[in-house]
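Encoded as structure tokens, the structure appears first; notes follow it.
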Amino acid sequence: MGRCWVGRSSVVVGRPLVGSPGRPGVGRREDRQRFWVEIARGVSTREASVVAGVSVTVGQRWFREAGGMPSISQARVSGRYVSFAEREEIALLRAQELGVRQIARRIGRSASTVSRELRRNAATGHRRPEYRASTAQWHADRRARRPKTAKLADNDALRAYVQDRLAGRITHPDGYRRPGPLVGRWNGRRHGRRADRRWTWAWSPEQIAHRLVLDYPEDETMRISHEAIYQALYVQGRGGLRRELTASLRTGRALRQPRERSRRGRPHVTPGVMISQRPAEAADRAVPGHWEGDLILGSDSSAIGTLVERTTRFTMLLHLPRMPGHHQTPPVKNGPALAGHGAEAVRNAIAAQITTLPTQLRRSLTWDQGAELAQHTQLRIQTGTEIYFCDPHSPWQRGTNENTNGLLRQYFPKGTDLTRWDHHDLDTVATALNQRPRKTLGWRTPAEALNDKLQSIPTTNVATTT
């Protein structure tokens with residue numbers, strides 16, 4: 001049989017051989033399914049890649065191209081279709097030069113199914129088509145796709161309406177367009193904090209979808225769901241809207257956030273240090289020595305640490321001065337927090353304050369899940385105090401501390417620079433609070449209540465308190 005070559009494709013006289021459409025993708029359907037199951041559980045892309053058995057780079061590409069949304073159904077493939085395991089067995093038996101009917105009997109399929117599989121899904125980049133399981137699976141997955149043109153890509157009027165309501169520039173009531181702040185080019189990342197954003201209409205996809213019904217009540221072609229708008233923004237290759245228009249969303253996210261990820265706590269918070277593990281004696285306030293802590297924030301990233309004893313309401317304040325180089329040297333990635341309330345600075349400040357108390361009065365400390373207490377393990381070893389963390393978004397679990405922070409705002413209002421006050425000033429304010437009568441203490445002061453507790457402790461363990 002004659003053969004001629006045209007570039008990389010071969011043509012057999014009377015029957016063309018179609019060249020390979022490209023390199024098979026990395027990862028099978030099962031791998032992608034395992035990947036997205038892990039993403040739905042809230043784990044990181046790196047961890048999900050390990051579970052799926054692919055490299056981190058491949059997992060990150062899957063997540064980015066899908067816009068953070070599952071790109072494959074989790075439904076199991078029907079037994080009607082040849083599975084990857086069957087394709088592997090076909091490839092092995094074919095390599096042993098078994099016939100089509102023999103292979104069919106081995107795998108429990110009809111001879112026509114095996115014949116069609118060998119003919120349609122063989123590797124095409126060779127003189128003699130060869131059958132490989134991975135290439136056959138790739139051909140089958142590619143052929144099973146049913147691409148559908150996105151509605152926004154097919155309807156120019158609808159696309160123009162959505163883009164204008166989402167990213168159209170705002171105007172003054174007299175019709176003059178206000179330029180707003182000067183914003184750099186979109187870099188494919190989420191918009192950062194404390195930076196100007198482009199002034200646009202910034203309607204949400206849900207507002208756009210519902211407003212279309214009012215603006216075009218008779219035109220059924222001007223309809224789209226808010227989910228379709230999100231997919232057009234986030235999914236690569238979906239068509240219709242440019243990815244940089246995500247900067248006009250209120251969140252400014254360049255990728256969609258899996259719901260379970262937002263529910264996860266900080267990496268330094270493990271189940272063993274959650275508030276549910278705290279002793280019951282801390283909840284009923286019968287035994288002193290259980291503390292609650294937090295930071296109150298001021299302008300320019302200034303902060304003051306607060307510690308409140310649950311039984312006596314005794315308060316201690318932590319001085320957190322800025323570190324040398326703040327606003328003078330550029331920040332270093334994974335370097336110290338120059339604002340003064342990084343993990344190391346907070347750990348040292350707590351240790352310096354709480355170790356002035358006897359051991360019996362430093363049983364536990366409850367904090368929120370802020371990163372400033374990421375070094376809680378070192379703090380526990382250093383002070384002998386057990387550390388516990390509240391559940392996410394549950395400030396009532398530190399109600400005493402939250403109430404005290406509200407009292408402190410009389411002395412340290414929001415929006416003011418808190419680094420103006422040195423440790424002497426903080427001790428003065430703490431003394432004022434500790435000498436204020438409390439209804440919950442029978443009109444005694446926190447200082448009096450704490451002194452009563454100290455007198456019940458042997459004098460060898462008592463330290464001086466202010």
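By convention in this document, the chains of the structure tokens carry letters A, B, ... by their order, each chain's residues are numbered from 1, and ligands are numbered from 1 in the order they are shown.
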task: Pick out the residues sitting within 12 Å of A:Thr428, and hand them over as a ChimeraX atom specification; count only C-alpha atoms, and ignore anything fewer than 2 positions along from it in its own chain.
output: /A:315-317,408,411,421-426,430-435,466
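Pairwise distance (atom CA of A:Thr385, atom CA of A:Leu295) equals 18.7 Å.
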query: Which polymer residues have any atom within 12 Å of an atom of A:Arg119, counting only C-alpha atoms, with same-chain residues fewer than 2 positions away left out, as a ChimeraX atom specification?
result: /A:17,100,112-117,121-124,128-132,136,139-140
Okay, now the selection with N, CA and C atoms, as a CSV table (one decimal), in the first residue's frame?
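Okay, out29.csv is ready:
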chain,number,residue,atom,x,y,z
A,17,LEU,N,-5.2,9.1,7.7
A,17,LEU,CA,-5.0,8.8,9.2
A,17,LEU,C,-4.9,10.2,9.9
A,100,VAL,N,-9.1,-10.3,19.1
A,100,VAL,CA,-10.2,-9.4,19.6
A,100,VAL,C,-11.2,-10.3,20.4
A,112,SER,N,-17.5,-6.8,19.5
A,112,SER,CA,-17.6,-5.5,18.8
A,112,SER,C,-17.2,-4.3,19.7
A,113,THR,N,-17.4,-4.4,21.0
A,113,THR,CA,-17.0,-3.3,21.9
A,113,THR,C,-15.4,-3.2,21.9
A,114,VAL,N,-14.8,-4.4,22.0
A,114,VAL,CA,-13.3,-4.4,22.0
A,114,VAL,C,-12.8,-3.9,20.6
A,115,SER,N,-13.4,-4.4,19.5
A,115,SER,CA,-12.9,-4.0,18.2
A,115,SER,C,-13.1,-2.5,18.0
A,116,ARG,N,-14.2,-1.9,18.4
A,116,ARG,CA,-14.4,-0.5,18.3
A,116,ARG,C,-13.5,0.3,19.2
A,117,GLU,N,-13.2,-0.2,20.4
A,117,GLU,CA,-12.2,0.5,21.2
A,117,GLU,C,-10.8,0.5,20.6
A,121,ASN,N,-9.7,4.4,19.6
A,121,ASN,CA,-8.9,5.1,20.6
A,121,ASN,C,-7.5,4.7,20.6
A,122,ALA,N,-7.0,4.2,19.5
A,122,ALA,CA,-5.6,3.9,19.4
A,122,ALA,C,-4.8,5.1,19.2
A,123,ALA,N,-3.5,5.0,19.5
A,123,ALA,CA,-2.5,6.2,19.3
A,123,ALA,C,-2.3,6.3,17.8
A,124,THR,N,-2.4,7.6,17.3
A,124,THR,CA,-2.4,7.9,15.9
A,124,THR,C,-1.1,8.5,15.4
A,128,ARG,N,2.1,2.4,12.5
A,128,ARG,CA,1.1,1.4,12.8
A,128,ARG,C,0.4,1.8,14.1
A,129,PRO,N,-0.9,2.1,14.1
A,129,PRO,CA,-1.6,2.5,15.3
A,129,PRO,C,-1.3,1.5,16.4
A,130,GLU,N,-1.0,2.0,17.6
A,130,GLU,CA,-0.7,1.2,18.8
A,130,GLU,C,-1.8,1.6,19.8
A,131,TYR,N,-2.1,0.7,20.7
A,131,TYR,CA,-3.1,0.9,21.7
A,131,TYR,C,-2.4,1.1,23.1
A,132,ARG,N,-2.6,2.2,23.7
A,132,ARG,CA,-2.1,2.5,25.0
A,132,ARG,C,-3.3,2.9,25.9
A,136,ALA,N,-5.8,6.0,25.1
A,136,ALA,CA,-7.2,5.6,24.8
A,136,ALA,C,-8.2,6.3,25.8
A,139,HIS,N,-8.5,9.9,24.6
A,139,HIS,CA,-9.4,10.1,23.4
A,139,HIS,C,-10.8,9.9,23.8
A,140,ALA,N,-11.1,9.0,24.7
A,140,ALA,CA,-12.5,8.8,25.1
A,140,ALA,C,-13.1,10.0,25.9
- request: With a distance cut-off of 9 Å and only C-alpha atoms, select the neighbouring residues of stretch 367-381 of chain A, excluding the residue or stretch itself and same-chain residues fewer than 4 positions from it, and output the selection as a ChimeraX atom specification.
  value: /A:265-269,291-295,341-348,350-351,385-395,397-398
Selection file, N, CA, C and O atoms, as a tab-separated table (two decimals), in the first residue's frame:
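This is the output file out20.tsv:
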chain	number	residue	atom	x	y	z
A	265	GLY	N	-10.38	26.99	60.32
A	265	GLY	CA	-9.66	27.89	61.20
A	265	GLY	C	-8.25	28.14	60.71
A	265	GLY	O	-7.85	27.74	59.62
A	266	ARG	N	-7.48	28.83	61.54
A	266	ARG	CA	-6.10	29.12	61.18
A	266	ARG	C	-5.25	27.85	61.26
A	266	ARG	O	-5.57	26.93	62.01
A	267	PRO	N	-4.13	27.81	60.52
A	267	PRO	CA	-3.30	26.59	60.53
A	267	PRO	C	-2.75	26.24	61.90
A	267	PRO	O	-2.52	25.07	62.19
A	268	HIS	N	-2.53	27.26	62.75
A	268	HIS	CA	-1.94	26.98	64.06
A	268	HIS	C	-2.97	26.48	65.07
A	268	HIS	O	-2.61	26.13	66.19
A	269	VAL	N	-4.24	26.45	64.68
A	269	VAL	CA	-5.30	26.02	65.59
A	269	VAL	C	-5.67	24.58	65.26
A	269	VAL	O	-6.17	24.28	64.18
A	291	TRP	N	-7.88	33.00	81.95
A	291	TRP	CA	-7.82	34.33	81.35
A	291	TRP	C	-8.38	34.31	79.93
A	291	TRP	O	-8.43	33.27	79.26
A	292	GLU	N	-8.81	35.50	79.51
A	292	GLU	CA	-9.21	35.72	78.12
A	292	GLU	C	-8.36	36.85	77.56
A	292	GLU	O	-8.06	37.81	78.28
A	293	GLY	N	-7.96	36.73	76.30
A	293	GLY	CA	-7.08	37.73	75.71
A	293	GLY	C	-7.49	38.13	74.31
A	293	GLY	O	-8.19	37.40	73.61
A	294	ASP	N	-7.01	39.32	73.90
A	294	ASP	CA	-7.32	39.84	72.57
A	294	ASP	C	-6.45	41.06	72.32
A	294	ASP	O	-5.69	41.50	73.20
A	295	LEU	N	-6.56	41.61	71.12
A	295	LEU	CA	-5.91	42.87	70.77
A	295	LEU	C	-6.98	43.90	70.46
A	295	LEU	O	-8.00	43.58	69.86
A	341	HIS	N	2.82	43.83	66.63
A	341	HIS	CA	1.93	42.82	67.22
A	341	HIS	C	1.97	41.53	66.41
A	341	HIS	O	0.94	40.91	66.14
A	342	GLY	N	3.18	41.12	66.02
A	342	GLY	CA	3.37	39.82	65.41
A	342	GLY	C	3.36	38.72	66.46
A	342	GLY	O	3.26	38.96	67.67
A	343	ALA	N	3.50	37.48	65.99
A	343	ALA	CA	3.40	36.33	66.89
A	343	ALA	C	4.48	36.36	67.97
A	343	ALA	O	4.20	36.10	69.15
A	344	GLU	N	5.70	36.69	67.61
A	344	GLU	CA	6.78	36.68	68.60
A	344	GLU	C	6.62	37.80	69.61
A	344	GLU	O	6.83	37.61	70.81
A	345	ALA	N	6.25	39.01	69.12
A	345	ALA	CA	6.08	40.15	70.02
A	345	ALA	C	4.95	39.90	71.02
A	345	ALA	O	5.08	40.20	72.22
A	346	VAL	N	3.83	39.35	70.56
A	346	VAL	CA	2.70	39.08	71.45
A	346	VAL	C	3.06	37.99	72.45
A	346	VAL	O	2.72	38.07	73.65
A	347	ARG	N	3.76	36.96	71.99
A	347	ARG	CA	4.16	35.89	72.92
A	347	ARG	C	5.05	36.44	74.03
A	347	ARG	O	4.85	36.13	75.22
A	348	ASN	N	6.03	37.27	73.69
A	348	ASN	CA	6.93	37.82	74.71
A	348	ASN	C	6.19	38.75	75.67
A	348	ASN	O	6.46	38.75	76.88
A	350	ILE	N	2.93	38.66	76.49
A	350	ILE	CA	2.08	37.87	77.39
A	350	ILE	C	2.92	37.18	78.45
A	350	ILE	O	2.57	37.17	79.64
A	351	ALA	N	4.03	36.60	78.04
A	351	ALA	CA	4.89	35.89	79.00
A	351	ALA	C	5.42	36.84	80.07
A	351	ALA	O	5.47	36.49	81.26
A	385	THR	N	1.06	27.87	81.02
A	385	THR	CA	-0.36	28.20	80.88
A	385	THR	C	-0.93	27.47	79.67
A	385	THR	O	-0.37	27.56	78.57
A	386	GLU	N	-2.05	26.79	79.85
A	386	GLU	CA	-2.70	26.12	78.74
A	386	GLU	C	-3.39	27.15	77.85
A	386	GLU	O	-4.02	28.09	78.35
A	387	ILE	N	-3.27	26.99	76.52
A	387	ILE	CA	-3.83	27.94	75.56
A	387	ILE	C	-4.99	27.27	74.83
A	387	ILE	O	-4.88	26.13	74.36
A	388	TYR	N	-6.11	28.00	74.72
A	388	TYR	CA	-7.28	27.51	74.00
A	388	TYR	C	-7.77	28.59	73.04
A	388	TYR	O	-7.55	29.79	73.27
A	389	PHE	N	-8.42	28.16	71.96
A	389	PHE	CA	-8.90	29.09	70.95
A	389	PHE	C	-10.41	28.95	70.79
A	389	PHE	O	-10.96	27.85	70.83
A	390	CYS	N	-11.06	30.10	70.56
A	390	CYS	CA	-12.51	30.11	70.33
A	390	CYS	C	-12.83	29.57	68.95
A	390	CYS	O	-11.97	29.47	68.07
A	391	ASP	N	-14.09	29.24	68.74
A	391	ASP	CA	-14.55	28.87	67.41
A	391	ASP	C	-14.54	30.11	66.52
A	391	ASP	O	-14.63	31.24	67.00
A	392	PRO	N	-14.43	29.92	65.19
A	392	PRO	CA	-14.44	31.08	64.30
A	392	PRO	C	-15.72	31.89	64.43
A	392	PRO	O	-16.81	31.34	64.58
A	393	HIS	N	-15.56	33.20	64.39
A	393	HIS	CA	-16.70	34.13	64.43
A	393	HIS	C	-17.58	33.91	65.66
A	393	HIS	O	-18.81	33.94	65.58
A	394	SER	N	-16.96	33.68	66.79
A	394	SER	CA	-17.72	33.45	68.03
A	394	SER	C	-17.17	34.31	69.16
A	394	SER	O	-16.60	33.79	70.14
A	395	PRO	N	-17.29	35.63	69.07
A	395	PRO	CA	-16.72	36.50	70.11
A	395	PRO	C	-17.38	36.32	71.48
A	395	PRO	O	-16.78	36.65	72.50
A	397	GLN	N	-17.77	33.76	73.08
A	397	GLN	CA	-17.03	32.78	73.87
A	397	GLN	C	-15.92	33.44	74.68
A	397	GLN	O	-15.31	32.79	75.52
A	398	ARG	N	-15.67	34.71	74.40
A	398	ARG	CA	-14.75	35.51	75.22
A	398	ARG	C	-15.49	36.78	75.65
A	398	ARG	O	-15.01	37.89	75.50
task: Please provide as a PyMOL selection string all residues within 12 Å of A:Ala283, with the sequence filter that same-chain residues fewer than 2 positions apart are discarded (counting only C-alpha atoms).
output: chain A and resi 275-281+285-292+310-311+364+366+397-400
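Going from atom CA of A:Ala447 over to atom CA of A:Leu418, you cover 24.8 Å.
Of note, atom CA of A:Glu244 and atom CA of A:Asp215 are spaced 26.2 Å apart.
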- line: Using only C-alpha atoms, the best pick from A:Thr355, A:Gln102, A:Ser248, A:Thr404 as closest to A:Leu307 would be A:Thr404
Leaving out A:Arg261 and any residue of its chain fewer than 4 positions from it, which residues lie within 12 Å of it when counting only C-alpha atoms, given as a JSON list (two decimals) with C-alpha atoms, in the first residue's frame?
[["chain", "number", "residue", "atom", "x", "y", "z"],
["A", 38, "GLU", "CA", -10.53, 17.29, 48.70],
["A", 39, "ILE", "CA", -11.02, 20.91, 47.62],
["A", 40, "ALA", "CA", -14.69, 20.67, 48.68],
["A", 41, "ARG", "CA", -13.49, 19.47, 52.10],
["A", 42, "GLY", "CA", -11.61, 22.75, 52.48],
["A", 43, "VAL", "CA", -8.01, 21.53, 52.19],
["A", 44, "SER", "CA", -5.35, 23.51, 50.34],
["A", 45, "THR", "CA", -4.57, 22.98, 46.67],
["A", 68, "GLY", "CA", -12.00, 27.49, 41.98],
["A", 256, "ARG", "CA", -13.68, 31.49, 43.68],
["A", 257, "GLN", "CA", -13.36, 30.51, 47.32],
["A", 265, "GLY", "CA", -9.66, 27.89, 61.20],
["A", 266, "ARG", "CA", -6.10, 29.12, 61.18],
["A", 267, "PRO", "CA", -3.30, 26.59, 60.53]]
- request: Using only C-alpha atoms, find the one residue out of A:Leu297, A:Arg159, A:Thr312, A:Thr221 that sits nearest to A:Lys453.
  value: A:Thr312
All helix (DSSP H, G or I) positions in stretch 67-264 of chain A, as an MDAnalysis selection string: chainID A and resid 84:95 100:107 111:120 133:144 151:154 156:167 205:215 226:234 243:248 259:263
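By chain and then residue number, the residues within 6 Å of A:Ala209 are A:Ile224, A:Ser225, A:His226, counting only C-alpha atoms and disregarding those fewer than 4 positions away in sequence.
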Output C-alpha atoms for every residue in that selection, as a PDB file, in the first residue's frame.
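Done, and the output landed in again-v2.pdb:
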ATOM      1  CA  ILE A 224     -29.192  35.042  32.509  1.00  0.00           C
ATOM      2  CA  SER A 225     -28.636  33.585  35.958  1.00  0.00           C
ATOM      3  CA  HIS A 226     -26.122  35.049  38.382  1.00  0.00           C
TER       4      HIS A 226
END
